[in-house]
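Quick look at my_file15.pdb (PDB, C-alpha atoms, pLDDT in the B column):
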MODEL        1
ATOM      1  CA  MET K  66     -55.543  60.639  25.649  1.00 41.00           C
ATOM      2  CA  ARG K  67     -54.095  57.737  27.621  1.00 42.00           C
ATOM      3  CA  LYS K  68     -57.121  55.693  26.524  1.00 42.00           C
ATOM      4  CA  SER K  69     -56.447  56.586  22.879  1.00 41.00           C
ATOM      5  CA  ALA K  70     -52.834  55.465  23.175  1.00 40.00           C
ATOM      6  CA  VAL K  71     -53.861  52.135  24.657  1.00 39.00           C
ATOM      7  CA  ILE K  72     -56.359  51.560  21.860  1.00 39.00           C
ATOM      8  CA  PHE K  73     -53.779  52.485  19.248  1.00 41.00           C
ATOM      9  CA  SER K  74     -51.196  50.127  20.711  1.00 43.00           C
ATOM     10  CA  THR K  75     -53.768  47.327  20.593  1.00 39.00           C
ATOM     11  CA  VAL K  76     -54.424  48.022  16.922  1.00 41.00           C
ATOM     12  CA  PHE K  77     -50.783  47.848  15.916  1.00 42.00           C
ATOM     13  CA  LEU K  78     -49.730  45.197  18.313  1.00 39.00           C
ATOM     14  CA  CYS K  79     -52.565  43.003  17.310  1.00 38.00           C
ATOM     15  CA  ILE K  80     -51.590  42.936  13.810  1.00 36.00           C
ATOM     16  CA  LEU K  81     -49.058  42.913  12.523  1.00 35.00           C
ATOM     17  CA  LEU K  82     -48.995  40.441  11.311  1.00 31.00           C
ATOM     18  CA  TYR K  83     -47.038  41.035  14.187  1.00 33.00           C
ATOM     19  CA  ALA K  84     -46.082  36.354  13.996  1.00 29.00           C
ATOM     20  CA  ILE K  85     -47.037  33.845  13.981  1.00 26.00           C
ATOM     21  CA  ILE K  86     -46.138  30.685  15.343  1.00 26.00           C
ATOM     22  CA  ASP K  87     -47.725  28.121  17.621  1.00 29.00           C
ATOM     23  CA  THR K  88     -46.687  24.615  18.522  1.00 26.00           C
ATOM     24  CA  ALA K  89     -50.021  23.024  17.719  1.00 26.00           C
ATOM     25  CA  CYS K  90     -50.958  24.213  14.202  1.00 27.00           C
ATOM     26  CA  THR K  91     -52.648  21.585  12.018  1.00 26.00           C
ATOM     27  CA  ASP K  92     -54.933  21.169   8.977  1.00 29.00           C
ATOM     28  CA  HIS K  93     -54.948  24.402   6.932  1.00 28.00           C
ATOM     29  CA  ARG K  94     -52.772  26.289   9.395  1.00 28.00           C
ATOM     30  CA  LEU K  95     -49.178  27.191   8.676  1.00 30.00           C
ATOM     31  CA  GLU K  96     -46.892  24.762  10.491  1.00 30.00           C
ATOM     32  CA  ALA K  97     -45.272  26.410  13.498  1.00 34.00           C
ATOM     33  CA  ALA K  98     -43.802  23.718  15.687  1.00 30.00           C
ATOM     34  CA  GLU K  99     -40.766  24.549  17.789  1.00 34.00           C
ATOM     35  CA  SER K 100     -38.562  22.777  15.289  1.00 33.00           C
ATOM     36  CA  ASP K 101     -39.887  24.910  12.439  1.00 42.00           C
ATOM     37  CA  THR K 102     -39.762  28.494  13.668  1.00 47.00           C
ATOM     38  CA  SER K 103     -36.848  29.699  11.569  1.00 52.00           C
ATOM     39  CA  HIS K 104     -37.411  32.022   8.627  1.00 52.00           C
ATOM     40  CA  PRO K 105     -36.471  31.082   5.047  1.00 45.00           C
ATOM     41  CA  SER K 106     -32.783  31.238   4.137  1.00 52.00           C
ATOM     42  CA  THR K 107     -33.523  33.527   1.171  1.00 60.00           C
ATOM     43  CA  PRO K 108     -32.443  37.200   1.276  1.00 79.00           C
ATOM     44  CA  LEU K 109     -34.605  39.501   3.376  1.00 87.00           C
ATOM     45  CA  PRO K 110     -37.271  41.383   1.366  1.00 86.00           C
ATOM     46  CA  PHE K 111     -36.532  44.479   3.459  1.00 90.00           C
ATOM     47  CA  ARG K 112     -33.186  46.237   3.659  1.00 92.00           C
ATOM     48  CA  LYS K 113     -31.266  47.718   6.555  1.00 95.00           C
ATOM     49  CA  GLY K 114     -32.498  51.263   7.087  1.00 96.00           C
ATOM     50  CA  GLU K 115     -35.971  50.687   5.618  1.00 97.00           C
ATOM     51  CA  ARG K 116     -38.232  53.328   7.178  1.00 98.00           C
ATOM     52  CA  LEU K 117     -42.026  53.122   6.958  1.00 97.00           C
ATOM     53  CA  VAL K 118     -44.047  56.170   8.009  1.00 98.00           C
ATOM     54  CA  TYR K 119     -47.761  55.871   8.863  1.00 97.00           C
ATOM     55  CA  GLU K 120     -50.629  58.226   9.521  1.00 96.00           C
ATOM     56  CA  VAL K 121     -52.508  57.336  12.704  1.00 93.00           C
ATOM     57  CA  ARG K 122     -56.210  57.870  11.997  1.00 91.00           C
ATOM     58  CA  TYR K 123     -59.380  57.921  14.059  1.00 86.00           C
ATOM     59  CA  SER K 124     -62.112  57.217  11.541  1.00 79.00           C
ATOM     60  CA  LYS K 125     -60.921  59.506   8.714  1.00 80.00           C
ATOM     61  CA  ILE K 126     -59.248  62.091  10.947  1.00 88.00           C
ATOM     62  CA  LYS K 127     -55.441  62.152  11.261  1.00 92.00           C
ATOM     63  CA  VAL K 128     -54.461  62.130  14.923  1.00 92.00           C
ATOM     64  CA  GLY K 129     -50.792  61.196  14.857  1.00 95.00           C
ATOM     65  CA  ARG K 130     -47.854  59.553  13.153  1.00 96.00           C
ATOM     66  CA  SER K 131     -45.887  56.314  13.522  1.00 96.00           C
ATOM     67  CA  THR K 132     -42.481  55.326  12.157  1.00 97.00           C
ATOM     68  CA  LEU K 133     -41.220  51.757  11.785  1.00 96.00           C
ATOM     69  CA  THR K 134     -37.505  51.263  11.011  1.00 98.00           C
ATOM     70  CA  PHE K 135     -35.522  48.081  10.353  1.00 97.00           C
ATOM     71  CA  ASN K 136     -32.014  48.767  11.680  1.00 97.00           C
ATOM     72  CA  GLY K 137     -30.467  45.500  10.554  1.00 96.00           C
ATOM     73  CA  GLU K 138     -28.021  43.371  12.525  1.00 96.00           C
ATOM     74  CA  LYS K 139     -26.866  44.498  15.969  1.00 97.00           C
ATOM     75  CA  GLU K 140     -25.222  42.823  18.961  1.00 96.00           C
ATOM     76  CA  LEU K 141     -27.043  42.230  22.257  1.00 97.00           C
ATOM     77  CA  ASP K 142     -25.294  40.518  25.183  1.00 94.00           C
ATOM     78  CA  GLY K 143     -22.720  39.039  22.799  1.00 95.00           C
ATOM     79  CA  LYS K 144     -25.333  37.646  20.405  1.00 95.00           C
ATOM     80  CA  LYS K 145     -26.178  38.908  16.916  1.00 97.00           C
ATOM     81  CA  VAL K 146     -29.808  40.000  16.619  1.00 97.00           C
ATOM     82  CA  TYR K 147     -31.996  42.184  14.412  1.00 97.00           C
ATOM     83  CA  GLN K 148     -33.085  45.565  15.756  1.00 98.00           C
ATOM     84  CA  VAL K 149     -36.393  47.242  14.923  1.00 98.00           C
ATOM     85  CA  SER K 150     -37.394  50.742  16.071  1.00 98.00           C
ATOM     86  CA  PHE K 151     -41.030  51.826  16.429  1.00 96.00           C
ATOM     87  CA  PHE K 152     -42.012  55.387  17.305  1.00 96.00           C
ATOM     88  CA  THR K 153     -45.529  56.789  17.687  1.00 93.00           C
ATOM     89  CA  ARG K 154     -46.628  60.331  18.400  1.00 94.00           C
ATOM     90  CA  VAL K 155     -50.232  61.223  19.181  1.00 90.00           C
ATOM     91  CA  PRO K 156     -51.493  64.252  21.137  1.00 89.00           C
ATOM     92  CA  SER K 157     -49.928  64.312  24.612  1.00 87.00           C
ATOM     93  CA  ILE K 158     -48.005  61.022  24.199  1.00 91.00           C
ATOM     94  CA  LYS K 159     -44.716  59.873  22.629  1.00 94.00           C
ATOM     95  CA  ASP K 160     -44.151  56.118  22.565  1.00 95.00           C
ATOM     96  CA  SER K 161     -40.770  54.733  21.437  1.00 97.00           C
ATOM     97  CA  GLU K 162     -39.649  51.093  21.303  1.00 97.00           C
ATOM     98  CA  GLU K 163     -36.388  49.341  20.519  1.00 98.00           C
ATOM     99  CA  ILE K 164     -37.059  45.685  19.705  1.00 98.00           C
ATOM    100  CA  TYR K 165     -34.392  43.002  19.400  1.00 98.00           C
ATOM    101  CA  ALA K 166     -35.267  39.834  17.475  1.00 97.00           C
ATOM    102  CA  ASP K 167     -33.623  36.455  17.027  1.00 95.00           C
ATOM    103  CA  GLU K 168     -32.169  36.303  13.503  1.00 93.00           C
ATOM    104  CA  GLU K 169     -33.425  32.767  12.852  1.00 89.00           C
ATOM    105  CA  THR K 170     -36.981  32.993  14.198  1.00 87.00           C
ATOM    106  CA  PHE K 171     -37.825  36.703  14.431  1.00 90.00           C
ATOM    107  CA  LEU K 172     -39.047  35.974  17.950  1.00 92.00           C
ATOM    108  CA  PRO K 173     -38.409  38.811  20.412  1.00 96.00           C
ATOM    109  CA  VAL K 174     -35.311  38.638  22.599  1.00 98.00           C
ATOM    110  CA  GLU K 175     -35.667  41.983  24.352  1.00 98.00           C
ATOM    111  CA  VAL K 176     -37.908  45.050  24.099  1.00 98.00           C
ATOM    112  CA  ARG K 177     -37.077  48.475  25.556  1.00 98.00           C
ATOM    113  CA  ARG K 178     -39.959  50.925  25.605  1.00 97.00           C
ATOM    114  CA  LYS K 179     -40.375  54.531  26.794  1.00 97.00           C
ATOM    115  CA  VAL K 180     -43.773  56.227  27.032  1.00 95.00           C
ATOM    116  CA  LYS K 181     -43.596  59.995  27.596  1.00 94.00           C
ATOM    117  CA  LYS K 182     -46.840  61.705  28.600  1.00 89.00           C
ATOM    118  CA  LYS K 183     -47.507  65.430  28.499  1.00 84.00           C
ATOM    119  CA  ILE K 184     -49.303  65.036  31.810  1.00 85.00           C
ATOM    120  CA  GLY K 185     -47.912  62.463  34.208  1.00 84.00           C
ATOM    121  CA  PHE K 186     -44.663  60.539  34.562  1.00 88.00           C
ATOM    122  CA  THR K 187     -42.611  58.802  31.897  1.00 94.00           C
ATOM    123  CA  ASP K 188     -42.883  55.001  31.882  1.00 96.00           C
ATOM    124  CA  ASN K 189     -39.818  52.871  31.084  1.00 97.00           C
ATOM    125  CA  ILE K 190     -40.530  49.239  30.250  1.00 97.00           C
ATOM    126  CA  VAL K 191     -38.097  46.394  29.595  1.00 98.00           C
ATOM    127  CA  GLU K 192     -39.232  42.946  28.397  1.00 98.00           C
ATOM    128  CA  ARG K 193     -36.784  40.027  28.377  1.00 98.00           C
ATOM    129  CA  TYR K 194     -37.880  36.829  26.665  1.00 98.00           C
ATOM    130  CA  ASP K 195     -37.005  33.247  27.568  1.00 97.00           C
ATOM    131  CA  GLN K 196     -38.307  31.464  24.488  1.00 95.00           C
ATOM    132  CA  LYS K 197     -37.162  28.022  25.669  1.00 96.00           C
ATOM    133  CA  ASN K 198     -39.520  28.259  28.621  1.00 97.00           C
ATOM    134  CA  PHE K 199     -42.195  30.398  26.878  1.00 97.00           C
ATOM    135  CA  ARG K 200     -41.789  33.196  29.390  1.00 97.00           C
ATOM    136  CA  VAL K 201     -41.284  36.957  29.390  1.00 98.00           C
ATOM    137  CA  ASP K 202     -39.989  38.947  32.380  1.00 98.00           C
ATOM    138  CA  ILE K 203     -41.218  42.547  32.472  1.00 98.00           C
ATOM    139  CA  THR K 204     -39.965  45.543  34.444  1.00 98.00           C
ATOM    140  CA  GLN K 205     -42.015  48.751  34.469  1.00 96.00           C
ATOM    141  CA  LYS K 206     -40.511  51.872  36.046  1.00 96.00           C
ATOM    142  CA  SER K 207     -41.865  55.358  36.582  1.00 93.00           C
ATOM    143  CA  LYS K 208     -40.898  58.128  38.991  1.00 90.00           C
ATOM    144  CA  LEU K 209     -43.280  56.798  41.645  1.00 89.00           C
ATOM    145  CA  ARG K 210     -42.998  53.021  41.393  1.00 93.00           C
ATOM    146  CA  THR K 211     -41.309  49.966  39.950  1.00 96.00           C
ATOM    147  CA  ARG K 212     -43.240  46.859  39.010  1.00 97.00           C
ATOM    148  CA  VAL K 213     -41.620  43.514  38.124  1.00 98.00           C
ATOM    149  CA  PHE K 214     -43.627  40.516  36.894  1.00 97.00           C
ATOM    150  CA  SER K 215     -43.533  37.577  34.475  1.00 98.00           C
ATOM    151  CA  ILE K 216     -45.939  36.093  31.928  1.00 97.00           C
ATOM    152  CA  LYS K 217     -45.884  32.391  31.039  1.00 97.00           C
ATOM    153  CA  LYS K 218     -47.436  30.982  27.859  1.00 96.00           C
ATOM    154  CA  ASP K 219     -47.836  27.531  26.302  1.00 95.00           C
ATOM    155  CA  SER K 220     -45.934  28.292  23.093  1.00 93.00           C
ATOM    156  CA  PRO K 221     -43.305  30.714  21.727  1.00 93.00           C
ATOM    157  CA  ILE K 222     -44.167  34.304  22.616  1.00 94.00           C
ATOM    158  CA  HIS K 223     -44.271  36.917  19.906  1.00 87.00           C
ATOM    159  CA  ASN K 224     -44.057  40.662  19.674  1.00 90.00           C
ATOM    160  CA  ALA K 225     -46.816  42.171  17.572  1.00 84.00           C
ATOM    161  CA  ILE K 226     -44.541  44.630  15.790  1.00 89.00           C
ATOM    162  CA  LEU K 227     -42.254  41.803  14.686  1.00 90.00           C
ATOM    163  CA  LEU K 228     -45.218  39.947  13.191  1.00 82.00           C
ATOM    164  CA  ALA K 229     -45.042  42.122  10.117  1.00 82.00           C
ATOM    165  CA  TYR K 230     -41.488  41.081   9.424  1.00 87.00           C
ATOM    166  CA  TYR K 231     -42.229  37.416   9.971  1.00 78.00           C
ATOM    167  CA  CYS K 232     -45.166  37.574   7.550  1.00 79.00           C
ATOM    168  CA  ARG K 233     -43.056  39.288   4.944  1.00 84.00           C
ATOM    169  CA  LEU K 234     -40.722  36.281   4.999  1.00 82.00           C
ATOM    170  CA  LEU K 235     -43.401  33.681   4.249  1.00 75.00           C
ATOM    171  CA  ASP K 236     -42.890  31.884   0.928  1.00 74.00           C
ATOM    172  CA  SER K 237     -46.535  32.054  -0.157  1.00 76.00           C
ATOM    173  CA  PHE K 238     -50.093  32.573   1.042  1.00 80.00           C
ATOM    174  CA  ASP K 239     -53.018  30.184   0.549  1.00 86.00           C
ATOM    175  CA  GLU K 240     -56.477  31.724   0.734  1.00 89.00           C
ATOM    176  CA  GLY K 241     -58.276  30.534   3.847  1.00 87.00           C
ATOM    177  CA  SER K 242     -55.100  29.443   5.625  1.00 88.00           C
ATOM    178  CA  SER K 243     -54.707  30.515   9.243  1.00 86.00           C
ATOM    179  CA  PHE K 244     -52.111  30.613  11.966  1.00 84.00           C
ATOM    180  CA  HIS K 245     -52.141  31.061  15.722  1.00 87.00           C
ATOM    181  CA  VAL K 246     -50.541  34.119  17.344  1.00 86.00           C
ATOM    182  CA  ALA K 247     -49.445  34.073  20.993  1.00 91.00           C
ATOM    183  CA  LEU K 248     -48.678  37.548  22.323  1.00 90.00           C
ATOM    184  CA  PRO K 249     -47.906  38.101  26.020  1.00 93.00           C
ATOM    185  CA  THR K 250     -51.464  39.152  26.876  1.00 89.00           C
ATOM    186  CA  VAL K 251     -53.634  37.758  24.078  1.00 87.00           C
ATOM    187  CA  ASP K 252     -53.931  34.799  21.661  1.00 90.00           C
ATOM    188  CA  PHE K 253     -55.820  34.814  18.360  1.00 87.00           C
ATOM    189  CA  GLU K 254     -56.039  33.267  14.900  1.00 88.00           C
ATOM    190  CA  VAL K 255     -54.962  35.205  11.796  1.00 84.00           C
ATOM    191  CA  ILE K 256     -56.678  34.299   8.538  1.00 89.00           C
ATOM    192  CA  PHE K 257     -55.488  35.083   5.004  1.00 91.00           C
ATOM    193  CA  LYS K 258     -58.490  36.314   2.987  1.00 93.00           C
ATOM    194  CA  GLY K 259     -56.951  36.863  -0.455  1.00 94.00           C
ATOM    195  CA  ILE K 260     -55.900  39.878  -2.554  1.00 95.00           C
ATOM    196  CA  GLU K 261     -57.703  43.187  -3.042  1.00 96.00           C
ATOM    197  CA  LYS K 262     -56.991  46.742  -4.176  1.00 97.00           C
ATOM    198  CA  ILE K 263     -56.271  49.430  -1.593  1.00 96.00           C
ATOM    199  CA  ASN K 264     -55.877  53.200  -1.939  1.00 95.00           C
ATOM    200  CA  THR K 265     -53.166  54.972   0.075  1.00 95.00           C
ATOM    201  CA  PRO K 266     -51.511  58.409   0.022  1.00 95.00           C
ATOM    202  CA  LEU K 267     -48.851  56.704  -2.119  1.00 96.00           C
ATOM    203  CA  GLY K 268     -51.359  55.468  -4.696  1.00 95.00           C
ATOM    204  CA  GLU K 269     -53.268  52.238  -5.359  1.00 97.00           C
ATOM    205  CA  TYR K 270     -51.787  48.855  -4.430  1.00 97.00           C
ATOM    206  CA  SER K 271     -52.736  45.221  -4.790  1.00 97.00           C
ATOM    207  CA  ALA K 272     -52.542  43.859  -1.267  1.00 96.00           C
ATOM    208  CA  TYR K 273     -52.647  40.598   0.661  1.00 95.00           C
ATOM    209  CA  VAL K 274     -55.480  40.894   3.199  1.00 93.00           C
ATOM    210  CA  PHE K 275     -55.502  39.350   6.683  1.00 88.00           C
ATOM    211  CA  THR K 276     -58.206  39.316   9.337  1.00 86.00           C
ATOM    212  CA  SER K 277     -58.286  37.837  12.823  1.00 86.00           C
ATOM    213  CA  ASN K 278     -60.534  35.646  14.941  1.00 88.00           C
ATOM    214  CA  PRO K 279     -61.710  37.108  17.242  1.00 87.00           C
ATOM    215  CA  PRO K 280     -61.922  40.274  15.089  1.00 83.00           C
ATOM    216  CA  ARG K 281     -59.169  42.516  16.424  1.00 75.00           C
ATOM    217  CA  PHE K 282     -57.633  43.889  13.250  1.00 78.00           C
ATOM    218  CA  LYS K 283     -57.488  43.885   9.475  1.00 85.00           C
ATOM    219  CA  LEU K 284     -54.110  44.023   7.725  1.00 86.00           C
ATOM    220  CA  TRP K 285     -53.001  44.789   4.168  1.00 93.00           C
ATOM    221  CA  LEU K 286     -49.519  43.784   2.879  1.00 94.00           C
ATOM    222  CA  SER K 287     -48.383  44.902  -0.575  1.00 96.00           C
ATOM    223  CA  ALA K 288     -48.726  41.962  -2.966  1.00 95.00           C
ATOM    224  CA  ASP K 289     -45.175  42.190  -4.271  1.00 93.00           C
ATOM    225  CA  GLU K 290     -41.739  40.967  -3.310  1.00 90.00           C
ATOM    226  CA  LYS K 291     -41.439  43.471  -0.428  1.00 92.00           C
ATOM    227  CA  ARG K 292     -44.793  42.745   1.299  1.00 93.00           C
ATOM    228  CA  VAL K 293     -44.865  46.234   2.835  1.00 96.00           C
ATOM    229  CA  PRO K 294     -47.472  46.672   5.620  1.00 95.00           C
ATOM    230  CA  LEU K 295     -49.741  49.247   3.955  1.00 97.00           C
ATOM    231  CA  LYS K 296     -52.611  49.517   6.414  1.00 93.00           C
ATOM    232  CA  ILE K 297     -53.664  48.166   9.791  1.00 86.00           C
ATOM    233  CA  GLN K 298     -57.248  48.749  10.877  1.00 85.00           C
ATOM    234  CA  ASN K 299     -59.260  48.176  14.035  1.00 75.00           C
ATOM    235  CA  PRO K 300     -62.623  46.720  12.910  1.00 69.00           C
ATOM    236  CA  GLY K 301     -64.314  47.903  16.124  1.00 64.00           C
ATOM    237  CA  PRO K 302     -66.578  50.962  16.485  1.00 61.00           C
ATOM    238  CA  LEU K 303     -63.656  53.293  17.317  1.00 63.00           C
ATOM    239  CA  GLY K 304     -62.162  52.806  13.852  1.00 67.00           C
ATOM    240  CA  TYR K 305     -58.481  53.423  14.583  1.00 80.00           C
ATOM    241  CA  SER K 306     -56.037  52.646  11.768  1.00 88.00           C
ATOM    242  CA  LEU K 307     -52.496  53.097  10.487  1.00 91.00           C
ATOM    243  CA  LEU K 308     -52.113  54.031   6.813  1.00 96.00           C
ATOM    244  CA  ILE K 309     -48.785  54.119   4.954  1.00 97.00           C
ATOM    245  CA  LYS K 310     -47.581  57.631   4.185  1.00 97.00           C
ATOM    246  CA  SER K 311     -44.066  57.060   2.918  1.00 97.00           C
ATOM    247  CA  ILE K 312     -41.566  54.254   2.237  1.00 96.00           C
ATOM    248  CA  GLU K 313     -37.938  55.305   2.646  1.00 92.00           C
TER
ENDMDL
END
As structure tokens, please, write out the structure in this file.
Amino acid sequence: MRKSAVIFSTVFLCILLYAIIDTACTDHRLEAAESDTSHPSTPLPFRKGERLVYEVRYSKIKVGRSTLTFNGEKELDGKKVYQVSFFTRVPSIKDSEEIYADEETFLPVEVRRKVKKKIGFTDNIVERYDQKNFRVDITQKSKLRTRVFSIKKDSPIHNAILLAYYCRLLDSFDEGSSFHVALPTVDFEVIFKGIEKINTPLGEYSAYVFTSNPPRFKLWLSADEKRVPLKIQNPGPLGYSLLIKSIE
């Protein structure tokens, strides 16, 4: 089941949508230079306390549940930040994350993660981001060992879960436009493909559709003022996906 959890994390983390900035975007890409990483000054399309519940599916079989909550403004080390909670439960594993984001850029500041396994030891992971130097320092602790290491990138580093929120703040989408995503362990291009209808347990929605190059995920955002992440799908043969179950 550890393998399933890793695959699932890749699906969600590779989304979402979640980011989306790089210092070298040109042509039909969304501009994402260091001087232009702040989100629009308009009100947020999501409110404090918004809770999105997803079914985790393998092919068409439900195998778990995920919950994504926007907790609004908090204080971290004397600085005001946004806090997002993400919790996933699949057989034998509970994965919970507390993510702190810069209010102006939605770039990650700190991530605190706990992975509890039915068999084996609990993993506690802390990620601290130095966005000025494009670096993240990571500490992984379990009962048997502690591992400390850093990852350096060439551009601002994003957190996949926060990508959804960044995308929801974009003013508009142009079909065929793309943007570069730099996560700690992978880089890829996200491409906006247009609008299509999608069926969910909540009914039918018109949705903005995103794909990636290389093909790591497919994402649907509701084509309305809230841009709710409705579905995230792994296009690979395993067919893992998240599908919206409730919006609270």
Just the residues within 10 Å of Glu168 of chain K, please, counting all atoms listed in the file, with nothing from its chain fewer than 6 positions along; format it as a tab-separated table (two decimals) with C-alpha atoms, in the coordinates of the input.
chain	number	residue	atom	x	y	z
K	103	SER	CA	-36.85	29.70	11.57
K	104	HIS	CA	-37.41	32.02	8.63
K	137	GLY	CA	-30.47	45.50	10.55
K	138	GLU	CA	-28.02	43.37	12.52
K	144	LYS	CA	-25.33	37.65	20.40
K	145	LYS	CA	-26.18	38.91	16.92
K	146	VAL	CA	-29.81	40.00	16.62
K	147	TYR	CA	-32.00	42.18	14.41
K	148	GLN	CA	-33.08	45.56	15.76
K	174	VAL	CA	-35.31	38.64	22.60
Once the PyMOL selection byres ((chain K and resi 239) around 12) is applied to the coordinates I shared, what remains selected? I want it as a PDB file with C-alpha atoms, keeping the file's coordinate frame.
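The resulting result26.pdb:
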ATOM      1  CA  HIS K  93     -54.948  24.402   6.932  1.00 28.00           C
ATOM      2  CA  ARG K  94     -52.772  26.289   9.395  1.00 28.00           C
ATOM      3  CA  LEU K  95     -49.178  27.191   8.676  1.00 30.00           C
ATOM      4  CA  LEU K 235     -43.401  33.681   4.249  1.00 75.00           C
ATOM      5  CA  ASP K 236     -42.890  31.884   0.928  1.00 74.00           C
ATOM      6  CA  SER K 237     -46.535  32.054  -0.157  1.00 76.00           C
ATOM      7  CA  PHE K 238     -50.093  32.573   1.042  1.00 80.00           C
ATOM      8  CA  GLU K 240     -56.477  31.724   0.734  1.00 89.00           C
ATOM      9  CA  GLY K 241     -58.276  30.534   3.847  1.00 87.00           C
ATOM     10  CA  SER K 242     -55.100  29.443   5.625  1.00 88.00           C
ATOM     11  CA  SER K 243     -54.707  30.515   9.243  1.00 86.00           C
ATOM     12  CA  PHE K 244     -52.111  30.613  11.966  1.00 84.00           C
ATOM     13  CA  ILE K 256     -56.678  34.299   8.538  1.00 89.00           C
ATOM     14  CA  PHE K 257     -55.488  35.083   5.004  1.00 91.00           C
ATOM     15  CA  LYS K 258     -58.490  36.314   2.987  1.00 93.00           C
ATOM     16  CA  GLY K 259     -56.951  36.863  -0.455  1.00 94.00           C
ATOM     17  CA  ILE K 260     -55.900  39.878  -2.554  1.00 95.00           C
ATOM     18  CA  TYR K 273     -52.647  40.598   0.661  1.00 95.00           C
ATOM     19  CA  VAL K 274     -55.480  40.894   3.199  1.00 93.00           C
ATOM     20  CA  PHE K 275     -55.502  39.350   6.683  1.00 88.00           C
TER      21      PHE K 275
END
Extract, using only C-alpha atoms, all DNA, RNA and protein residues at most 8 Å from Leu133 of chain K, discarding same-chain residues fewer than 4 positions from it, and format them as a count of residues only.
7
Given all atoms listed in the file as the counted atoms, nearest of K:Tyr305, K:Glu175, K:Asn198, K:Ser311 to Tyr123 of chain K
K:Tyr305
Spatial neighbours of Leu172 of chain K, max dist 8 Å, only C-alpha atoms, sep filter under 3 positions, as a PDB file with C-alpha atoms, keeping the file's coordinate frame:
ATOM      1  CA  ALA K 166     -35.267  39.834  17.475  1.00 97.00           C
ATOM      2  CA  ASP K 167     -33.623  36.455  17.027  1.00 95.00           C
ATOM      3  CA  GLN K 196     -38.307  31.464  24.488  1.00 95.00           C
ATOM      4  CA  PRO K 221     -43.305  30.714  21.727  1.00 93.00           C
ATOM      5  CA  ILE K 222     -44.167  34.304  22.616  1.00 94.00           C
ATOM      6  CA  HIS K 223     -44.271  36.917  19.906  1.00 87.00           C
ATOM      7  CA  ASN K 224     -44.057  40.662  19.674  1.00 90.00           C
ATOM      8  CA  LEU K 227     -42.254  41.803  14.686  1.00 90.00           C
TER       9      LEU K 227
END
If you count all atoms listed in the file, which residues fall within 10 Å of Leu109 of chain K, apart from same-chain ones fewer than 6 positions away, as a CSV table (one decimal) with C-alpha atoms, in the frame of the given file?
chain,number,residue,atom,x,y,z
K,230,TYR,CA,-41.5,41.1,9.4
K,233,ARG,CA,-43.1,39.3,4.9
K,234,LEU,CA,-40.7,36.3,5.0
K,290,GLU,CA,-41.7,41.0,-3.3
K,291,LYS,CA,-41.4,43.5,-0.4
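If you apply the PyMOL selection byres ((chain K and resi 181-187) around 12) to this structure, you end up with K:Met66, K:Arg67, K:Ala70, K:Phe152, K:Thr153, K:Arg154, K:Val155, K:Pro156, K:Ser157, K:Ile158, K:Lys159, K:Asp160, K:Ser161, K:Glu162, K:Arg178, K:Lys179, K:Val180, K:Asp188, K:Asn189, K:Ile190, K:Gln205, K:Lys206, K:Ser207, K:Lys208, K:Leu209, K:Arg210.
Against this structure, the PyMOL selection byres ((chain K and resi 215) around 9) ends up with Arg200, Val201, Asp202, Ile203, Thr204, Val213, Phe214, Ile216 and Lys217 of chain K.
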In Å, with one decimal, what is the gap from atom CA of Ser220 of chain K to atom CA of Arg112 of chain K?
29.4 Å
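Atom pair atom CA of Tyr231 of chain K / atom CA of Pro108 of chain K has a distance of 13.1 Å (rounded to one decimal).
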K:Leu308, K:Ala288, K:Val293, K:Leu228 ranked by distance to Gly129 of chain K, top pick (using all atoms listed in the file)
K:Leu308
Each side padded by 8 Å, which centre and which edge lengths in Å (one decimal) define the axis-aligned box around the listed atoms of segment 111-129 of chain K? Give them as AutoDock Vina command-line options.
--center_x -46.7 --center_y 53.3 --center_z 9.2 --size_x 46.8 --size_y 33.7 --size_z 27.5
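The interatomic distance for the pair atom CA of Asp219 of chain K and atom CA of Pro249 of chain K works out to 10.6 Å.
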